[in-house]
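Enquirer: To start, I am sharing the structure in question, which I have written as structure tokens.
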Amino acid sequence: MKIKNQILSFVTILSVALMTFSCTNDEPKELMPLKSIVEIAKADPANFSILVDALKKTGLDATLGNAGSYTAFAPTNAAFTASGITSASISAMTSATDIAALKLTLQNHVIGLGTRSNDLLAAGYTKTFGFLKASPTSTSGVNLSIFINKVGNDVLVNGGVANGGAKIETADIEASNGIVHVIDAVLKLPTIVSQIKANPSLSALLGVVASTPQASVLGSLNAATGTAPLTVYAPNNDAFTAASATGGYLVGKTDSQVTNILRYHLENGNRAPSSTSSYSTSADVSITTLNTPNKFTILVSSVKIKDVVGTSNGTIKTFNIQGTNGVIQVVDKVLQPFL
């Protein structure tokens, strides 16, 4: 009997101990609060001290240090140094123009919504806080586009380092006010040409424009500026494949004819519709091209383009790929002028 009571007593004590242990482990543990984007950078001076100095110099530390939702592409110290930007050079900046230029560069590293890398890849293009400077003193304008794609195992921003972009080294660092993606280079402000180079679906257009016979067209694209921009109606690879196939529109065309065809896809000005799916007007838009006097018409109701030959209409597939010297509208047809 005595042994039985001892066993019962032991079982009771063990049960109470287990219950106590279970309750203790079920109690919620206090979670450490997330750091802001700026606090994350400050906590890692070995990698981000130059970024911290740059944000402070331009006043963007207030934006990325406060509540909100942002995506920050964060260049490392090595990336800044490789681009010629150091803490010493930032400290020495006194010119308002130089500080404004640094600020614009940093703004082009920020998106106005905390976004993970997979969602950026799915979107392809999104807008940064960087902008087209329609005048040398502009402090705002049409927002620049950033392009994210995957090549092999690498997630590239604006086509990678060789194209003035970068590679994401560490993705999806959570902050209290968004997401940080660590990149291996400082992003250069994108131009029309670098935007074309970044997108693999525009490689056929790049190949034609970059060819020796079309040097004048490439020169026109490179010569465009924020104050004198161009709009490019850019045929995608499928459009060039169709136009180059047996019986296609481009078959048999001379170099000078191709030049005129390419110029038919260019318009002076930065025609960027306010919507990503339509033009903010009820009337069809007549486009005066650089291949004068040829024009074409944007059919607003269907977002299609009717060229002067008019055998079939092209469709605008991607709107408003914005660069510092113009904007690209991707179309699925090589447009046909009178030659």
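Labels for the structure tokens follow display order: chains A, B, ..., residues from 1 in each chain, ligands from 1.
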Could you go through range 105-192 of chain A and tell me which residues DSSP, when run on the backbone, assigns to strand (DSSP E), listing them as a ChimeraX atom specification?
Expert: /A:110-111,125-131,143-151,154-157,166-175,178-183
Enquirer: Got a sec to tell me which of range 199-327 of chain A DSSP assigns to helix (DSSP H, G or I), as a ChimeraX atom specification?
Expert: /A:200-209,212-223,237-244,255-263
Enquirer: Nearest to Ser211 in chain A among A:Asn77, A:Asn158, A:Thr259, A:Ser87, with distances taken over only C-alpha atoms: which residue is it?
Expert: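 Closest to Ser211 in chain A, using only C-alpha atoms: A:Thr259.
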Enquirer: Find the spatial neighbours of Val52 in chain A, counting only C-alpha atoms, within a cut-off of 8 Å - ignore same-chain residues fewer than 2 positions away - and output them as a list in words.
Expert: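 Within the cut-off, the hits are Val38, Ala41, Lys42, Phe48, Ser49, Ile50, Ala54, Leu55, Lys56 and Asp61 of chain A.
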Enquirer: Could you write out that same residue set with all heavy atoms as a PDB file, in the first residue's frame?
Expert:
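What ended up in out_35.pdb:
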ATOM      1  N   VAL A  38      16.302  52.630 -42.745  1.00  0.00           N
ATOM      2  CA  VAL A  38      17.492  53.385 -42.335  1.00  0.00           C
ATOM      3  C   VAL A  38      18.188  52.713 -41.162  1.00  0.00           C
ATOM      4  O   VAL A  38      19.418  52.612 -41.123  1.00  0.00           O
ATOM      5  CB  VAL A  38      17.120  54.844 -41.992  1.00  0.00           C
ATOM      6  CG1 VAL A  38      18.296  55.561 -41.339  1.00  0.00           C
ATOM      7  CG2 VAL A  38      16.695  55.594 -43.250  1.00  0.00           C
ATOM      8  N   ALA A  41      20.273  49.822 -42.307  1.00  0.00           N
ATOM      9  CA  ALA A  41      21.532  50.272 -42.901  1.00  0.00           C
ATOM     10  C   ALA A  41      22.518  50.731 -41.825  1.00  0.00           C
ATOM     11  O   ALA A  41      23.708  50.407 -41.885  1.00  0.00           O
ATOM     12  CB  ALA A  41      21.259  51.402 -43.896  1.00  0.00           C
ATOM     13  N   LYS A  42      22.023  51.461 -40.839  1.00  0.00           N
ATOM     14  CA  LYS A  42      22.902  51.955 -39.771  1.00  0.00           C
ATOM     15  C   LYS A  42      23.475  50.817 -38.941  1.00  0.00           C
ATOM     16  O   LYS A  42      24.591  50.920 -38.412  1.00  0.00           O
ATOM     17  CB  LYS A  42      22.132  52.919 -38.871  1.00  0.00           C
ATOM     18  CG  LYS A  42      21.883  54.287 -39.488  1.00  0.00           C
ATOM     19  CD  LYS A  42      21.165  55.204 -38.500  1.00  0.00           C
ATOM     20  CE  LYS A  42      21.007  56.602 -39.061  1.00  0.00           C
ATOM     21  NZ  LYS A  42      20.275  57.499 -38.116  1.00  0.00           N
ATOM     22  N   PHE A  48      26.999  49.389 -45.318  1.00  0.00           N
ATOM     23  CA  PHE A  48      26.059  50.433 -45.724  1.00  0.00           C
ATOM     24  C   PHE A  48      26.354  51.832 -45.174  1.00  0.00           C
ATOM     25  O   PHE A  48      25.497  52.703 -45.213  1.00  0.00           O
ATOM     26  CB  PHE A  48      24.634  50.033 -45.317  1.00  0.00           C
ATOM     27  CG  PHE A  48      24.173  48.755 -45.939  1.00  0.00           C
ATOM     28  CD1 PHE A  48      23.808  47.676 -45.136  1.00  0.00           C
ATOM     29  CD2 PHE A  48      24.125  48.599 -47.315  1.00  0.00           C
ATOM     30  CE1 PHE A  48      23.382  46.483 -45.693  1.00  0.00           C
ATOM     31  CE2 PHE A  48      23.704  47.413 -47.890  1.00  0.00           C
ATOM     32  CZ  PHE A  48      23.337  46.351 -47.080  1.00  0.00           C
ATOM     33  N   SER A  49      27.571  52.066 -44.684  1.00  0.00           N
ATOM     34  CA  SER A  49      27.862  53.396 -44.122  1.00  0.00           C
ATOM     35  C   SER A  49      27.774  54.487 -45.180  1.00  0.00           C
ATOM     36  O   SER A  49      27.328  55.611 -44.899  1.00  0.00           O
ATOM     37  CB  SER A  49      29.240  53.397 -43.459  1.00  0.00           C
ATOM     38  OG  SER A  49      30.263  53.096 -44.406  1.00  0.00           O
ATOM     39  N   ILE A  50      28.172  54.190 -46.419  1.00  0.00           N
ATOM     40  CA  ILE A  50      28.110  55.203 -47.478  1.00  0.00           C
ATOM     41  C   ILE A  50      26.653  55.479 -47.840  1.00  0.00           C
ATOM     42  O   ILE A  50      26.260  56.635 -48.054  1.00  0.00           O
ATOM     43  CB  ILE A  50      28.907  54.767 -48.720  1.00  0.00           C
ATOM     44  CG1 ILE A  50      30.380  54.538 -48.357  1.00  0.00           C
ATOM     45  CG2 ILE A  50      28.796  55.814 -49.829  1.00  0.00           C
ATOM     46  CD1 ILE A  50      31.235  54.045 -49.517  1.00  0.00           C
ATOM     47  N   ALA A  54      24.797  59.053 -47.669  1.00  0.00           N
ATOM     48  CA  ALA A  54      24.118  59.607 -48.840  1.00  0.00           C
ATOM     49  C   ALA A  54      22.669  59.954 -48.524  1.00  0.00           C
ATOM     50  O   ALA A  54      22.157  61.005 -48.944  1.00  0.00           O
ATOM     51  CB  ALA A  54      24.185  58.620 -50.000  1.00  0.00           C
ATOM     52  N   LEU A  55      21.994  59.079 -47.780  1.00  0.00           N
ATOM     53  CA  LEU A  55      20.604  59.351 -47.403  1.00  0.00           C
ATOM     54  C   LEU A  55      20.518  60.595 -46.523  1.00  0.00           C
ATOM     55  O   LEU A  55      19.618  61.428 -46.687  1.00  0.00           O
ATOM     56  CB  LEU A  55      20.020  58.140 -46.672  1.00  0.00           C
ATOM     57  CG  LEU A  55      19.792  56.874 -47.511  1.00  0.00           C
ATOM     58  CD1 LEU A  55      19.397  55.709 -46.620  1.00  0.00           C
ATOM     59  CD2 LEU A  55      18.730  57.110 -48.582  1.00  0.00           C
ATOM     60  N   LYS A  56      21.467  60.713 -45.598  1.00  0.00           N
ATOM     61  CA  LYS A  56      21.467  61.879 -44.711  1.00  0.00           C
ATOM     62  C   LYS A  56      21.747  63.160 -45.483  1.00  0.00           C
ATOM     63  O   LYS A  56      21.103  64.190 -45.259  1.00  0.00           O
ATOM     64  CB  LYS A  56      22.507  61.688 -43.602  1.00  0.00           C
ATOM     65  CG  LYS A  56      22.509  62.811 -42.567  1.00  0.00           C
ATOM     66  CD  LYS A  56      23.492  62.514 -41.445  1.00  0.00           C
ATOM     67  CE  LYS A  56      23.482  63.630 -40.402  1.00  0.00           C
ATOM     68  NZ  LYS A  56      24.450  63.355 -39.309  1.00  0.00           N
ATOM     69  N   ASP A  61      16.886  60.217 -45.591  1.00  0.00           N
ATOM     70  CA  ASP A  61      16.863  59.419 -44.366  1.00  0.00           C
ATOM     71  C   ASP A  61      15.562  59.628 -43.603  1.00  0.00           C
ATOM     72  O   ASP A  61      15.067  58.707 -42.939  1.00  0.00           O
ATOM     73  CB  ASP A  61      18.070  59.734 -43.474  1.00  0.00           C
ATOM     74  CG  ASP A  61      18.169  61.207 -43.104  1.00  0.00           C
ATOM     75  OD1 ASP A  61      17.651  62.058 -43.862  1.00  0.00           O
ATOM     76  OD2 ASP A  61      18.775  61.517 -42.065  1.00  0.00           O
TER      77      ASP A  61
END
Enquirer: Range 89-101 of chain A: which residues within 9 Å, counting only C-alpha atoms, same-chain residues fewer than 6 positions away excluded, as a PyMOL selection string?
Expert: chain A and resi 50+53-54+57-58+137+139
Enquirer: Using only C-alpha atoms, which protein or nucleic acid residues come within 9 Å of range 165-178 of chain A? Drop anything in the same chain fewer than 6 positions from it, and give the result as an MDAnalysis selection string.
Expert: chainID A and resid 33:37 39:40 64:73 75 113:117 154:159 184:190 198
Enquirer: Write the residues of the selection above to a file with N, CA and C atoms, as a JSON list (two decimals), in the first residue's frame.
Expert:
[["chain", "number", "residue", "atom", "x", "y", "z"],
["A", 33, "PRO", "N", 10.92, 44.23, -32.23],
["A", 33, "PRO", "CA", 10.34, 45.05, -33.30],
["A", 33, "PRO", "C", 11.28, 45.14, -34.50],
["A", 34, "LEU", "N", 10.71, 45.19, -35.68],
["A", 34, "LEU", "CA", 11.52, 45.33, -36.89],
["A", 34, "LEU", "C", 12.15, 46.70, -36.95],
["A", 35, "LYS", "N", 13.34, 46.78, -37.52],
["A", 35, "LYS", "CA", 14.01, 48.05, -37.73],
["A", 35, "LYS", "C", 13.49, 48.69, -39.01],
["A", 36, "SER", "N", 13.58, 50.01, -39.09],
["A", 36, "SER", "CA", 13.25, 50.71, -40.33],
["A", 36, "SER", "C", 14.36, 50.47, -41.36],
["A", 37, "ILE", "N", 14.12, 50.87, -42.59],
["A", 37, "ILE", "CA", 15.13, 50.71, -43.65],
["A", 37, "ILE", "C", 16.42, 51.42, -43.27],
["A", 39, "GLU", "N", 17.42, 52.21, -40.21],
["A", 39, "GLU", "CA", 18.02, 51.55, -39.05],
["A", 39, "GLU", "C", 18.75, 50.27, -39.47],
["A", 40, "ILE", "N", 18.20, 49.55, -40.44],
["A", 40, "ILE", "CA", 18.89, 48.35, -40.95],
["A", 40, "ILE", "C", 20.24, 48.73, -41.53],
["A", 64, "LEU", "N", 12.90, 57.30, -45.47],
["A", 64, "LEU", "CA", 13.10, 55.86, -45.28],
["A", 64, "LEU", "C", 13.30, 55.47, -43.82],
["A", 65, "GLY", "N", 13.31, 56.47, -42.95],
["A", 65, "GLY", "CA", 13.41, 56.18, -41.52],
["A", 65, "GLY", "C", 12.08, 56.24, -40.82],
["A", 66, "ASN", "N", 11.06, 56.77, -41.50],
["A", 66, "ASN", "CA", 9.75, 56.93, -40.90],
["A", 66, "ASN", "C", 8.78, 55.86, -41.39],
["A", 67, "ALA", "N", 7.59, 55.88, -40.82],
["A", 67, "ALA", "CA", 6.57, 54.90, -41.18],
["A", 67, "ALA", "C", 6.19, 55.05, -42.65],
["A", 68, "GLY", "N", 5.79, 53.94, -43.26],
["A", 68, "GLY", "CA", 5.41, 53.94, -44.66],
["A", 68, "GLY", "C", 5.60, 52.56, -45.23],
["A", 69, "SER", "N", 5.61, 52.47, -46.55],
["A", 69, "SER", "CA", 5.84, 51.20, -47.23],
["A", 69, "SER", "C", 6.69, 51.47, -48.46],
["A", 70, "TYR", "N", 7.93, 51.00, -48.42],
["A", 70, "TYR", "CA", 8.90, 51.27, -49.48],
["A", 70, "TYR", "C", 9.68, 50.00, -49.82],
["A", 71, "THR", "N", 10.18, 49.97, -51.03],
["A", 71, "THR", "CA", 11.20, 49.00, -51.40],
["A", 71, "THR", "C", 12.48, 49.76, -51.66],
["A", 72, "ALA", "N", 13.55, 49.38, -50.99],
["A", 72, "ALA", "CA", 14.85, 50.05, -51.18],
["A", 72, "ALA", "C", 15.85, 49.06, -51.75],
["A", 73, "PHE", "N", 16.41, 49.43, -52.90],
["A", 73, "PHE", "CA", 17.53, 48.68, -53.47],
["A", 73, "PHE", "C", 18.80, 49.30, -52.89],
["A", 75, "PRO", "N", 22.65, 49.65, -52.39],
["A", 75, "PRO", "CA", 24.02, 49.34, -52.83],
["A", 75, "PRO", "C", 24.95, 49.22, -51.62],
["A", 113, "LEU", "N", 6.31, 51.07, -52.52],
["A", 113, "LEU", "CA", 5.54, 50.00, -51.90],
["A", 113, "LEU", "C", 6.50, 48.86, -51.57],
["A", 114, "GLY", "N", 6.44, 48.37, -50.35],
["A", 114, "GLY", "CA", 7.30, 47.26, -49.96],
["A", 114, "GLY", "C", 6.95, 46.02, -50.78],
["A", 115, "THR", "N", 7.89, 45.54, -51.60],
["A", 115, "THR", "CA", 7.60, 44.48, -52.56],
["A", 115, "THR", "C", 8.70, 43.42, -52.53],
["A", 116, "ARG", "N", 8.31, 42.17, -52.40],
["A", 116, "ARG", "CA", 9.27, 41.08, -52.41],
["A", 116, "ARG", "C", 9.76, 40.80, -53.82],
["A", 117, "SER", "N", 10.90, 40.12, -53.91],
["A", 117, "SER", "CA", 11.55, 39.92, -55.20],
["A", 117, "SER", "C", 10.68, 39.13, -56.17],
["A", 154, "ASP", "N", 20.36, 34.42, -61.34],
["A", 154, "ASP", "CA", 20.54, 35.81, -60.91],
["A", 154, "ASP", "C", 19.28, 36.64, -61.15],
["A", 155, "VAL", "N", 18.90, 37.42, -60.15],
["A", 155, "VAL", "CA", 17.82, 38.40, -60.31],
["A", 155, "VAL", "C", 18.48, 39.74, -60.64],
["A", 156, "LEU", "N", 18.20, 40.26, -61.82],
["A", 156, "LEU", "CA", 18.85, 41.47, -62.30],
["A", 156, "LEU", "C", 17.92, 42.67, -62.24],
["A", 157, "VAL", "N", 18.51, 43.80, -61.97],
["A", 157, "VAL", "CA", 17.80, 45.08, -62.00],
["A", 157, "VAL", "C", 18.32, 45.87, -63.19],
["A", 158, "ASN", "N", 17.43, 46.27, -64.08],
["A", 158, "ASN", "CA", 17.81, 47.04, -65.28],
["A", 158, "ASN", "C", 18.92, 46.38, -66.09],
["A", 159, "GLY", "N", 18.87, 45.06, -66.20],
["A", 159, "GLY", "CA", 19.80, 44.36, -67.07],
["A", 159, "GLY", "C", 21.16, 44.05, -66.47],
["A", 184, "ASP", "N", 24.54, 44.88, -55.95],
["A", 184, "ASP", "CA", 26.01, 44.92, -56.08],
["A", 184, "ASP", "C", 26.52, 46.10, -56.90],
["A", 185, "ALA", "N", 25.66, 47.06, -57.22],
["A", 185, "ALA", "CA", 26.09, 48.24, -57.98],
["A", 185, "ALA", "C", 25.11, 49.37, -57.73],
["A", 186, "VAL", "N", 25.59, 50.59, -57.92],
["A", 186, "VAL", "CA", 24.71, 51.76, -57.87],
["A", 186, "VAL", "C", 24.01, 51.86, -59.22],
["A", 187, "LEU", "N", 22.69, 51.93, -59.19],
["A", 187, "LEU", "CA", 21.92, 51.99, -60.43],
["A", 187, "LEU", "C", 22.12, 53.32, -61.14],
["A", 188, "LYS", "N", 22.49, 53.25, -62.41],
["A", 188, "LYS", "CA", 22.55, 54.47, -63.21],
["A", 188, "LYS", "C", 21.14, 54.84, -63.66],
["A", 189, "LEU", "N", 20.91, 56.12, -63.87],
["A", 189, "LEU", "CA", 19.60, 56.54, -64.35],
["A", 189, "LEU", "C", 19.39, 55.97, -65.75],
["A", 190, "PRO", "N", 18.27, 55.29, -66.00],
["A", 190, "PRO", "CA", 18.09, 54.59, -67.27],
["A", 190, "PRO", "C", 17.75, 55.53, -68.43],
["A", 198, "ALA", "N", 17.88, 46.29, -71.54],
["A", 198, "ALA", "CA", 17.56, 45.52, -70.34],
["A", 198, "ALA", "C", 16.52, 44.44, -70.59]]
Enquirer: Just checking: using only C-alpha atoms, which residue out of A:Thr318, A:Ser138, A:Thr212, A:Thr289 ends up closest to Val303 in chain A?
Expert: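 Closest residue, counting only C-alpha atoms: A:Thr318.
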Enquirer: Hey, what's within 8 Å of Lys333 in chain A if we count only C-alpha atoms and toss same-chain stuff fewer than 6 positions away? As an NGL selection string, please?
Expert: :A and (235-236 or 238-240 or 243 or 313-315)
Enquirer: Could you check the closest approach to Gly226 in chain A for each of A:Ala134, A:Leu121, A:Leu299, A:Ala79 and tell me which residue wins, using only C-alpha atoms?
Expert: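 So, comparing all the options, the nearest one is A:Ala134.
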Enquirer: Between A:Ile316, A:Val110, A:Ala123, A:Leu221, which has the minimum distance to Asn143 in chain A (counting only C-alpha atoms)?
Expert: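 Under the stated criterion, the closest residue is A:Val110.
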Enquirer: Excluding Val232 in chain A and its own-chain neighbours fewer than 3 positions away, which residues fall within 6 Å of it when counting only C-alpha atoms? Please give them as JSON, numbers by chain.
Expert: {"A": [265, 266, 328]}
Enquirer: Would you write out those residues with N, CA, C and O atoms, as an mmCIF file, in the first residue's frame?
Expert:
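Contents of out10.cif, as written:
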data_model
loop_
_atom_site.group_PDB
_atom_site.id
_atom_site.type_symbol
_atom_site.label_atom_id
_atom_site.label_comp_id
_atom_site.auth_asym_id
_atom_site.auth_seq_id
_atom_site.Cartn_x
_atom_site.Cartn_y
_atom_site.Cartn_z
ATOM 1 N N HIS A 265 8.774 54.909 -86.114
ATOM 2 C CA HIS A 265 8.424 54.451 -84.768
ATOM 3 C C HIS A 265 8.840 55.456 -83.695
ATOM 4 O O HIS A 265 8.738 55.147 -82.496
ATOM 5 N N LEU A 266 9.294 56.636 -84.116
ATOM 6 C CA LEU A 266 9.772 57.644 -83.172
ATOM 7 C C LEU A 266 8.924 58.904 -83.251
ATOM 8 O O LEU A 266 8.522 59.327 -84.336
ATOM 9 N N ILE A 328 9.136 54.537 -73.726
ATOM 10 C CA ILE A 328 8.937 53.446 -74.684
ATOM 11 C C ILE A 328 7.538 52.879 -74.499
ATOM 12 O O ILE A 328 7.101 52.614 -73.374
#
Enquirer: I'd like to know which of A:Ile298, A:Val182, A:Leu102, A:Tyr233 is closest to Thr86 in chain A, using only C-alpha atoms.
Expert: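 Once distances to Thr86 in chain A are computed over only C-alpha atoms, the minimum belongs to A:Leu102.
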